[in-house]
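Peer 1: File protein-v3.txt below, compact mmCIF, C-alpha atoms:
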```
# COMPACT_ATOMS: atom_id res chain seq x y z
CA MET F 673 26.33 14.50 92.88
CA LYS F 674 30.07 13.84 92.58
CA ASN F 675 29.38 10.14 91.98
CA VAL F 676 27.01 10.96 89.10
CA PHE F 677 29.61 13.26 87.48
CA LYS F 678 32.27 10.56 87.80
CA THR F 679 29.93 8.05 86.15
CA LEU F 680 29.21 10.37 83.20
CA SER F 681 32.90 11.14 82.81
CA LEU F 682 33.77 7.46 82.75
CA PHE F 683 31.04 6.85 80.14
CA GLY F 684 32.41 9.64 77.97
CA LEU F 685 35.92 8.27 78.21
CA LEU F 686 34.76 4.80 77.19
CA LEU F 687 32.87 6.32 74.25
CA VAL F 688 36.00 8.10 73.00
CA PHE F 689 38.09 4.94 73.15
CA SER F 690 35.41 2.80 71.56
CA CYS F 691 35.15 5.23 68.59
CA SER F 692 38.89 5.68 68.15
CA GLY F 693 39.50 2.03 67.29
CA ASP F 694 41.95 -0.46 68.66
CA ASP F 695 44.84 0.93 66.62
CA GLY F 696 44.58 4.37 68.13
CA SER F 697 43.60 6.01 64.83
CA ALA F 698 41.79 9.32 64.80
CA PRO F 699 37.97 9.28 64.78
CA PRO F 700 36.30 9.55 61.32
CA ASN F 701 35.50 12.94 59.82
CA ASN F 702 31.79 13.49 60.31
CA THR F 703 31.67 16.67 58.24
CA PRO F 704 28.59 16.63 55.93
CA PRO F 705 29.46 16.08 52.19
CA ASP F 706 29.76 19.09 49.93
CA ASN F 707 26.59 19.03 47.78
CA SER F 708 27.34 22.23 45.90
CA VAL F 709 27.11 22.14 42.12
CA THR F 710 30.49 22.81 40.54
CA SER F 711 29.90 21.55 36.99
CA ILE F 712 27.09 20.37 34.73
CA SER F 713 26.86 18.29 31.55
CA ILE F 714 24.35 17.82 28.76
CA SER F 715 23.86 14.53 26.88
CA PHE F 716 21.50 13.12 24.24
CA ASN F 717 19.84 9.77 23.65
CA GLN F 718 21.59 9.31 20.26
CA ASP F 719 24.97 10.08 18.76
CA SER F 720 23.49 11.42 15.51
CA TYR F 721 20.17 12.51 14.04
CA PHE F 722 18.57 12.96 10.66
CA ALA F 723 16.30 15.81 9.62
CA GLY F 724 12.83 15.20 11.02
CA GLU F 725 14.02 13.18 14.01
CA PHE F 726 13.64 14.15 17.68
CA GLY F 727 16.50 14.32 20.18
CA PHE F 728 15.91 13.89 23.91
CA PHE F 729 18.46 15.63 26.15
CA VAL F 730 19.34 15.39 29.85
CA VAL F 731 21.29 17.87 32.00
CA ARG F 732 23.10 16.54 35.08
CA ASP F 733 25.21 18.14 37.77
CA ASN F 734 28.52 16.83 39.11
CA GLN F 735 26.59 14.77 41.69
CA GLU F 736 24.74 13.00 38.82
CA ASN F 737 21.49 14.71 39.79
CA VAL F 738 19.15 15.40 36.87
CA ILE F 739 18.61 19.15 36.67
CA THR F 740 17.12 19.38 33.17
CA ASP F 741 14.05 21.32 34.32
CA GLU F 742 16.12 23.81 36.30
CA ALA F 743 18.73 24.40 33.58
CA SER F 744 18.54 26.64 30.54
CA VAL F 745 19.42 25.00 27.21
CA THR F 746 20.26 26.81 23.98
CA VAL F 747 20.84 25.60 20.44
CA ASN F 748 22.98 27.86 18.26
CA GLY F 749 22.39 30.59 20.88
CA ALA F 750 18.58 30.39 20.90
CA GLU F 751 16.72 29.06 23.93
CA VAL F 752 15.21 25.58 23.63
CA ASN F 753 11.67 25.34 25.01
CA THR F 754 10.80 21.73 24.15
CA ASN F 755 12.34 18.37 25.00
CA PRO F 756 12.74 16.31 22.87
CA TYR F 757 14.07 18.73 20.29
CA ASN F 758 12.89 18.43 16.69
CA PHE F 759 15.69 18.61 14.12
CA GLN F 760 13.43 20.00 11.42
CA THR F 761 16.01 20.74 8.72
CA SER F 762 19.56 19.85 7.82
CA GLY F 763 22.41 21.88 9.29
CA SER F 764 24.74 22.19 12.27
CA TYR F 765 23.17 22.23 15.76
CA THR F 766 25.23 23.12 18.86
CA PHE F 767 23.62 22.68 22.30
CA VAL F 768 24.83 24.23 25.57
CA ALA F 769 23.21 24.20 29.04
CA THR F 770 23.60 26.72 31.88
CA TYR F 771 22.67 26.47 35.56
CA GLU F 772 23.40 29.08 38.23
CA ASP F 773 26.04 30.72 36.03
CA ILE F 774 27.68 27.34 35.33
CA THR F 775 28.07 26.38 31.67
CA SER F 776 28.03 22.82 30.42
CA ASN F 777 29.94 21.08 27.68
CA SER F 778 28.75 21.75 24.13
CA VAL F 779 27.26 19.03 21.92
CA THR F 780 27.17 19.49 18.14
CA PHE F 781 25.24 17.48 15.55
CA GLU F 782 25.60 17.68 11.79
CA VAL F 783 22.08 16.86 10.61
CA GLU F 784 21.39 15.72 7.05
CA SER F 785 18.20 15.68 5.04
CA ALA F 786 17.39 12.59 3.03
CA SER F 787 17.70 12.77 -0.73
CA GLU F 788 14.52 12.80 -2.74
CA TYR F 789 13.77 9.47 -4.38
CA SER F 790 15.18 9.20 -7.88
CA ASP F 791 16.27 6.39 -10.18
CA THR F 792 18.32 7.34 -13.20
CA SER F 793 20.66 5.58 -15.60
CA SER F 794 23.15 6.68 -18.21
CA PHE F 795 25.62 5.20 -20.66
CA SER F 796 29.00 6.34 -21.86
CA ALA F 797 30.42 4.66 -24.96
CA SER F 798 33.93 4.84 -23.49
CA GLY F 799 35.61 4.72 -20.12
CA SER F 800 35.58 1.01 -19.33
CA PRO F 801 38.89 -0.51 -18.20
CA ALA F 802 40.50 -3.01 -20.55
CA SER F 803 40.30 -5.86 -18.01
CA PHE F 804 38.61 -6.81 -14.76
CA THR F 805 39.21 -9.19 -11.86
CA LYS F 806 36.76 -12.06 -11.82
CA LYS F 807 34.93 -12.43 -8.51
CA ALA F 808 32.62 -15.06 -7.06
CA LEU F 809 29.35 -14.84 -5.14
CA LEU F 810 28.43 -17.74 -2.86
CA GLU F 811 24.62 -17.76 -2.53
CA ASP F 812 23.67 -19.82 0.51
CA PHE F 813 20.06 -21.05 0.76
CA THR F 814 19.61 -21.63 4.49
CA GLY F 815 17.24 -21.51 7.47
CA THR F 816 17.38 -21.68 11.25
CA TRP F 817 15.27 -24.86 11.09
CA CYS F 818 17.97 -26.63 9.03
CA PRO F 819 20.38 -28.77 11.11
CA ASN F 820 22.73 -29.30 8.15
CA CYS F 821 23.12 -25.59 7.37
CA PRO F 822 25.78 -24.45 9.90
CA PRO F 823 28.61 -26.36 8.14
CA ALA F 824 27.72 -24.67 4.84
CA ALA F 825 27.64 -21.24 6.51
CA ALA F 826 31.02 -21.95 8.09
CA ALA F 827 32.47 -22.95 4.70
CA VAL F 828 31.12 -19.77 3.08
CA LYS F 829 32.60 -17.62 5.84
CA SER F 830 35.96 -19.36 5.53
CA ALA F 831 36.02 -18.81 1.77
CA VAL F 832 35.01 -15.14 2.11
CA ASP F 833 37.55 -14.49 4.85
CA GLY F 834 40.27 -16.17 2.82
CA ASN F 835 39.89 -14.26 -0.44
CA PRO F 836 38.84 -10.61 -1.03
CA ASN F 837 37.38 -11.61 -4.41
CA ILE F 838 34.82 -13.96 -2.84
CA PHE F 839 31.57 -12.62 -1.38
CA GLY F 840 28.78 -14.40 0.45
CA VAL F 841 25.05 -13.85 0.89
CA GLY F 842 22.54 -15.80 2.97
CA TYR F 843 19.09 -16.48 1.47
CA HIS F 844 16.90 -17.40 4.44
CA ASP F 845 13.80 -19.46 3.79
CA GLY F 846 11.24 -20.51 6.39
CA ASP F 847 12.64 -18.54 9.33
CA PRO F 848 12.26 -14.98 10.74
CA MET F 849 14.99 -13.65 8.41
CA GLU F 850 13.13 -14.76 5.30
CA ILE F 851 12.12 -12.02 2.88
CA GLU F 852 9.74 -12.19 -0.08
CA GLU F 853 12.53 -12.70 -2.61
CA THR F 854 14.31 -15.54 -0.81
CA MET F 855 11.08 -17.49 -0.46
CA PHE F 856 10.31 -16.88 -4.15
CA TRP F 857 13.77 -17.95 -5.33
CA SER F 858 13.68 -21.24 -3.42
CA ASN F 859 10.58 -22.25 -5.35
CA TYR F 860 11.45 -20.62 -8.67
CA TYR F 861 14.88 -22.25 -8.95
CA HIS F 862 13.68 -25.55 -7.45
CA VAL F 863 15.93 -25.48 -4.41
CA THR F 864 14.78 -28.69 -2.73
CA GLY F 865 17.76 -29.47 -0.50
CA PHE F 866 19.05 -27.29 2.29
CA PRO F 867 21.71 -26.12 2.42
CA THR F 868 22.28 -25.32 -1.24
CA VAL F 869 25.15 -23.00 -2.11
CA TYR F 870 25.47 -21.59 -5.62
CA VAL F 871 28.79 -20.44 -7.02
CA ASN F 872 27.97 -17.57 -9.38
CA GLY F 873 24.56 -18.99 -10.19
CA PRO F 874 22.66 -22.29 -9.98
CA ASP F 875 24.65 -23.96 -12.73
CA THR F 876 27.34 -24.65 -10.10
CA ARG F 877 26.21 -26.08 -6.77
CA TRP F 878 29.14 -25.90 -4.40
CA ASN F 879 30.51 -29.14 -2.97
CA PHE F 880 31.80 -27.31 0.10
CA PRO F 881 34.34 -27.01 1.55
CA ASN F 882 36.28 -28.07 -1.57
CA MET F 883 37.41 -24.85 -3.25
CA SER F 884 38.01 -26.23 -6.74
CA GLN F 885 34.66 -25.02 -8.12
CA VAL F 886 35.12 -21.57 -6.62
CA ASN F 887 38.68 -21.30 -7.87
CA ALA F 888 37.51 -22.33 -11.35
CA GLU F 889 35.08 -19.39 -11.36
CA LEU F 890 37.79 -16.99 -10.21
CA ALA F 891 40.09 -18.18 -12.99
CA GLU F 892 37.61 -17.32 -15.74
CA GLU F 893 38.03 -14.22 -17.86
CA ALA F 894 35.84 -11.36 -16.65
CA THR F 895 33.97 -9.71 -19.51
CA VAL F 896 32.33 -7.11 -17.27
CA GLY F 897 33.32 -5.32 -14.07
CA LEU F 898 31.49 -3.24 -11.50
CA ALA F 899 32.18 -0.10 -9.49
CA LEU F 900 29.93 0.48 -6.49
CA GLU F 901 29.26 3.03 -3.76
CA GLY F 902 26.54 3.65 -1.22
CA GLU F 903 25.85 5.85 1.79
CA ILE F 904 23.05 6.69 4.19
CA VAL F 905 21.94 10.30 3.85
CA GLY F 906 19.26 11.57 6.19
CA GLY F 907 18.24 8.04 7.12
CA LYS F 908 17.82 6.82 3.55
CA LEU F 909 20.10 5.03 1.13
CA ASP F 910 21.82 6.58 -1.89
CA LEU F 911 23.71 4.24 -4.21
CA GLU F 912 25.45 4.17 -7.56
CA VAL F 913 26.45 1.15 -9.62
CA SER F 914 28.61 1.34 -12.74
CA VAL F 915 29.04 -1.60 -15.10
CA GLY F 916 31.97 -1.61 -17.48
CA PHE F 917 31.94 -3.87 -20.54
CA LYS F 918 35.11 -5.44 -21.93
CA THR F 919 33.10 -7.20 -24.61
CA THR F 920 29.54 -6.83 -25.83
CA PRO F 921 27.27 -9.55 -24.42
CA ASN F 922 25.51 -11.74 -26.98
CA GLU F 923 22.45 -12.05 -24.74
CA GLU F 924 20.27 -10.01 -22.39
CA VAL F 925 21.93 -9.15 -19.11
CA LYS F 926 20.35 -7.89 -15.91
CA LEU F 927 21.51 -5.96 -12.87
CA MET F 928 20.83 -7.13 -9.31
CA ILE F 929 21.33 -4.89 -6.25
CA TYR F 930 21.23 -6.27 -2.69
CA LEU F 931 21.35 -4.78 0.80
CA VAL F 932 23.12 -7.18 3.17
CA GLU F 933 23.86 -7.07 6.90
CA GLY F 934 27.24 -8.51 7.88
CA THR F 935 26.10 -10.35 11.02
CA GLN F 936 22.76 -11.01 12.68
CA THR F 937 21.26 -13.20 15.36
CA SER F 938 17.69 -14.47 15.39
CA ASP F 939 15.02 -15.20 17.98
CA SER F 940 14.75 -18.56 16.24
CA PRO F 941 17.48 -20.92 17.53
CA GLN F 942 19.73 -22.45 14.89
CA ALA F 943 19.18 -26.17 14.48
CA GLY F 944 22.38 -28.19 14.32
CA SER F 945 24.21 -25.75 16.59
CA ASN F 946 24.52 -25.61 20.38
CA GLN F 947 24.60 -21.81 20.19
CA GLY F 948 20.82 -21.55 19.82
CA VAL F 949 19.65 -17.93 19.50
CA ASN F 950 23.26 -16.76 19.91
CA TYR F 951 24.21 -18.31 16.58
CA VAL F 952 25.67 -15.63 14.30
CA HIS F 953 24.30 -15.51 10.74
CA ASN F 954 26.64 -13.90 8.23
CA ASP F 955 25.79 -11.68 5.25
CA VAL F 956 22.01 -11.89 5.62
CA LEU F 957 20.06 -10.55 2.64
CA LEU F 958 17.73 -7.81 3.88
CA GLU F 959 16.44 -6.12 0.74
CA VAL F 960 16.53 -6.35 -3.05
CA TYR F 961 16.51 -2.93 -4.72
CA THR F 962 15.88 -4.32 -8.20
CA ASP F 963 13.26 -6.67 -9.54
CA GLN F 964 13.58 -10.09 -7.95
CA LEU F 965 14.81 -11.44 -11.28
CA GLY F 966 16.96 -8.40 -12.04
CA ASP F 967 16.54 -5.18 -14.02
CA LEU F 968 17.36 -5.37 -17.71
CA ILE F 969 20.34 -3.33 -18.89
CA PRO F 970 19.30 -1.99 -22.32
CA ALA F 971 21.17 -3.66 -25.16
CA ASP F 972 22.42 -0.33 -26.49
CA ASN F 973 24.01 0.28 -23.07
CA THR F 974 26.20 -2.84 -23.14
CA SER F 975 28.66 -2.22 -25.99
CA ALA F 976 32.34 -3.06 -25.52
CA GLY F 977 34.36 -0.28 -23.92
CA GLY F 978 31.29 1.45 -22.51
CA VAL F 979 30.09 2.10 -18.98
CA TYR F 980 26.48 1.81 -17.83
CA THR F 981 25.67 3.72 -14.63
CA ARG F 982 22.60 3.36 -12.42
CA THR F 983 22.02 5.93 -9.65
CA ILE F 984 19.25 5.50 -7.07
CA THR F 985 18.69 7.94 -4.18
CA GLY F 986 16.24 8.20 -1.29
CA LEU F 987 15.75 4.46 -0.82
CA ASP F 988 14.04 3.35 2.38
CA LEU F 989 16.00 1.09 4.68
CA PRO F 990 14.08 -2.08 5.60
CA SER F 991 12.72 -2.57 9.11
CA ASN F 992 14.80 -5.72 9.60
CA VAL F 993 18.09 -3.80 9.93
CA ILE F 994 19.73 -4.46 13.29
CA ASP F 995 23.01 -2.53 13.00
CA ILE F 996 23.03 0.34 10.52
CA ASN F 997 26.85 0.38 10.68
CA ASP F 998 27.08 -3.22 9.47
CA LEU F 999 25.36 -2.82 6.10
CA LYS F 1000 26.81 -3.65 2.69
CA LEU F 1001 25.71 -3.47 -0.92
CA ILE F 1002 26.19 -6.33 -3.35
CA ALA F 1003 25.65 -5.76 -7.07
CA PHE F 1004 26.07 -8.24 -9.89
CA VAL F 1005 25.34 -8.72 -13.57
CA ARG F 1006 23.60 -11.93 -14.65
CA ASN F 1007 21.93 -13.58 -17.60
CA THR F 1008 18.76 -15.71 -17.77
CA TYR F 1009 18.18 -19.11 -19.35
CA THR F 1010 16.53 -22.48 -18.68
CA LYS F 1011 18.16 -25.83 -18.09
CA THR F 1012 17.18 -29.36 -17.16
CA PHE F 1013 18.87 -30.58 -14.00
CA VAL F 1014 18.60 -33.27 -11.32
CA ASP F 1015 18.30 -32.13 -7.70
CA TYR F 1016 19.63 -33.70 -4.51
CA PHE F 1017 16.67 -36.08 -4.36
CA ASN F 1018 17.13 -37.28 -7.95
CA THR F 1019 14.13 -35.33 -9.16
CA THR F 1020 14.53 -34.10 -12.73
CA TRP F 1021 13.45 -30.53 -13.41
CA GLU F 1022 13.04 -29.75 -17.08
CA ASN F 1023 13.44 -26.22 -18.39
CA SER F 1024 14.19 -24.94 -14.92
CA PRO F 1025 15.12 -21.22 -14.68
CA HIS F 1026 18.85 -20.68 -14.39
CA TYR F 1027 21.36 -17.83 -14.53
CA ASP F 1028 25.09 -17.23 -14.56
CA ILE F 1029 26.72 -14.30 -12.78
CA TYR F 1030 29.09 -12.42 -15.09
CA ASN F 1031 30.73 -10.58 -12.21
CA VAL F 1032 29.96 -9.19 -8.76
CA GLN F 1033 31.05 -6.36 -6.47
CA GLU F 1034 30.55 -5.54 -2.78
CA VAL F 1035 30.96 -2.38 -0.73
CA HIS F 1036 30.30 -1.30 2.85
CA LEU F 1037 27.98 1.66 3.18
CA GLY F 1038 29.91 4.90 3.45
CA GLU F 1039 32.62 3.59 1.13
CA SER F 1040 33.18 3.20 -2.59
CA VAL F 1041 34.86 0.56 -4.74
CA SER F 1042 36.22 1.42 -8.17
CA PHE F 1043 36.61 -0.89 -11.16
CA ASP F 1044 39.26 -3.49 -10.50
```
For this file, write the structure as structure tokens.
Peer 2:
Amino acid sequence: MKNVFKTLSLFGLLLVFSCSGDDGSAPPNNTPPDNSVTSISISFNQDSYFAGEFGFFVVRDNQENVITDEASVTVNGAEVNTNPYNFQTSGSYTFVATYEDITSNSVTFEVESASEYSDTSSFSASGSPASFTKKALLEDFTGTWCPNCPPAAAAVKSAVDGNPNIFGVGYHDGDPMEIEETMFWSNYYHVTGFPTVYVNGPDTRWNFPNMSQVNAELAEEATVGLALEGEIVGGKLDLEVSVGFKTTPNEEVKLMIYLVEGTQTSDSPQAGSNQGVNYVHNDVLLEVYTDQLGDLIPADNTSAGGVYTRTITGLDLPSNVIDINDLKLIAFVRNTYTKTFVDYFNTTWENSPHYDIYNVQEVHLGESVSFD
């Protein structure tokens, strides 16, 4: 019996030394972890909501366990019984969760209702500035199938980045970013070579990257100027364009309004680039909020010194928007005429539709740009 006790004692001694480590450190603490809930948090699947949208919330404890079903959630002090929550009307919504007498952080949303659709215009016989800065719009006809298009896009970006009075817009034809208008314009204006970049209209086809043609446009006297603002309210677009006239045009003029996204990628790889589907397309035209050939500004709304204002609210955003925070408006005033010209392939087009851009303005959504 003594021998057995000695054997067990020796085994126990060996076990202690084997667990203590070679450096003589103390054995690890085998106390079970503290699983008590000391704090909770509530979070939502979006940072903001519009009236009519649903918000899905999750309540977690300090151990990252989901306890949504066990917690009580209130909005503005009233208990919430459904998840997701329907933001039915505009207003301020503050959410708080409680669990076993523990209160979470509060989350507040300022929810807006979309404006009703309206389209109005007005004219004031005075109020126009005495002069305007001439700006240039580089209209790039392009496509992901086009191996020669990346150099043109790079030249447009360089010009835009180098001068705040130069704006760019990409007209995609024959790829997933094509819209009805860009396809129509390619045929209507007899764009037969890609890329083709207009400088304030098809009368000037840019020999990029030489800036002489662009600079010549910027040096011209501006007879009209534009002020522009736009914002998203309740998930829809509200915009206002004002056109000031230094002189009275001697021809019909039309207003064009674009929605543009600053950068996009496409599932269609870009030919001529090793970036493939990661190729970044700049200033992609998403929507035209006027007729595809422009909306006529009434002649009695174009007199020198006057200001024509167009206000449109409750416009739907197109489904091809990728980043709602990267949207811009471009507005310009143009004329309409026909002209015979020879294209890149030496084909002569007689009485081909043409236009010149009087002036152009651009603004990021949520901002406004005054006459300048």
Peer 1: Just give me the residues with any atom within 9 Å of (16.2, -24.6, -7.1), file coordinates, counting only C-alpha atoms, written as a PyMOL selection string.
Peer 2: chain F and resi 857-865+868+874+1015+1024-1026
Peer 1: List as a count of residues only: which residues have an atom within 8 Å of (24.2, -5.2, -11.6), counting all atoms listed in the file?
Peer 2: 14
Peer 1: Hey, can you check how far atom CA of Gly902 of chain F sits from atom CA of Asp967 of chain F?
Peer 2: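 The value is 18.5 Å.
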Peer 1: With only C-alpha atoms as the basis for distance, which of F:Met849, F:Ile1029, F:Ala888, F:Val896 is at the shortest distance from Ile994 of chain F?
Peer 2: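 Of F:Met849, F:Ile1029, F:Ala888, F:Val896, the one nearest Ile994 of chain F is F:Met849, counting only C-alpha atoms.
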Peer 1: Residues at most 10 Å from Met855 of chain F, counting only C-alpha atoms, excluding those fewer than 3 positions away in the same chain, as a PyMOL selection string?
Peer 2: chain F and resi 813+843-847+850-852+858-860
Peer 1: Please, what distance in Å, to one decimal, runs between atom CA of Ile996 of chain F and atom CA of Tyr951 of chain F?
Peer 2: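 Taking atom CA of Ile996 of chain F and atom CA of Tyr951 of chain F, their separation equals 19.6 Å.
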Peer 1: Excluding same-chain residues fewer than 6 positions from Phe839 of chain F, what lies within 9 Å of it counting all atoms listed in the file, as an mmCIF file with C-alpha atoms, in the coordinates of the input?
Peer 2:
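Final output, result-v2.cif:
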```cif
data_model
loop_
_atom_site.group_PDB
_atom_site.id
_atom_site.type_symbol
_atom_site.label_atom_id
_atom_site.label_comp_id
_atom_site.auth_asym_id
_atom_site.auth_seq_id
_atom_site.Cartn_x
_atom_site.Cartn_y
_atom_site.Cartn_z
ATOM 1 C CA LYS F 807 34.930 -12.430 -8.510
ATOM 2 C CA ALA F 808 32.620 -15.060 -7.060
ATOM 3 C CA LEU F 809 29.350 -14.840 -5.140
ATOM 4 C CA LEU F 810 28.430 -17.740 -2.860
ATOM 5 C CA GLU F 811 24.620 -17.760 -2.530
ATOM 6 C CA VAL F 828 31.120 -19.770 3.080
ATOM 7 C CA LYS F 829 32.600 -17.620 5.840
ATOM 8 C CA ALA F 831 36.020 -18.810 1.770
ATOM 9 C CA VAL F 832 35.010 -15.140 2.110
ATOM 10 C CA ASP F 833 37.550 -14.490 4.850
ATOM 11 C CA ASP F 955 25.790 -11.680 5.250
ATOM 12 C CA ILE F 1002 26.190 -6.330 -3.350
ATOM 13 C CA VAL F 1032 29.960 -9.190 -8.760
ATOM 14 C CA GLN F 1033 31.050 -6.360 -6.470
ATOM 15 C CA GLU F 1034 30.550 -5.540 -2.780
#
```
Peer 1: From the options F:Tyr1027, F:Trp1021, F:Phe804, F:Phe866, which residue's atoms come nearest to Asn820 of chain F, counting only C-alpha atoms?
Peer 2: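 Using only C-alpha atoms, the shortest distance to Asn820 of chain F belongs to F:Phe866.
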Peer 1: For Val752 of chain F, which residue among F:Trp817, F:Tyr930, F:Tyr789, F:Phe728 is the nearest when counting all atoms listed in the file?
Peer 2: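 Residue with the minimum atom-to-atom distance to Val752 of chain F: F:Phe728.
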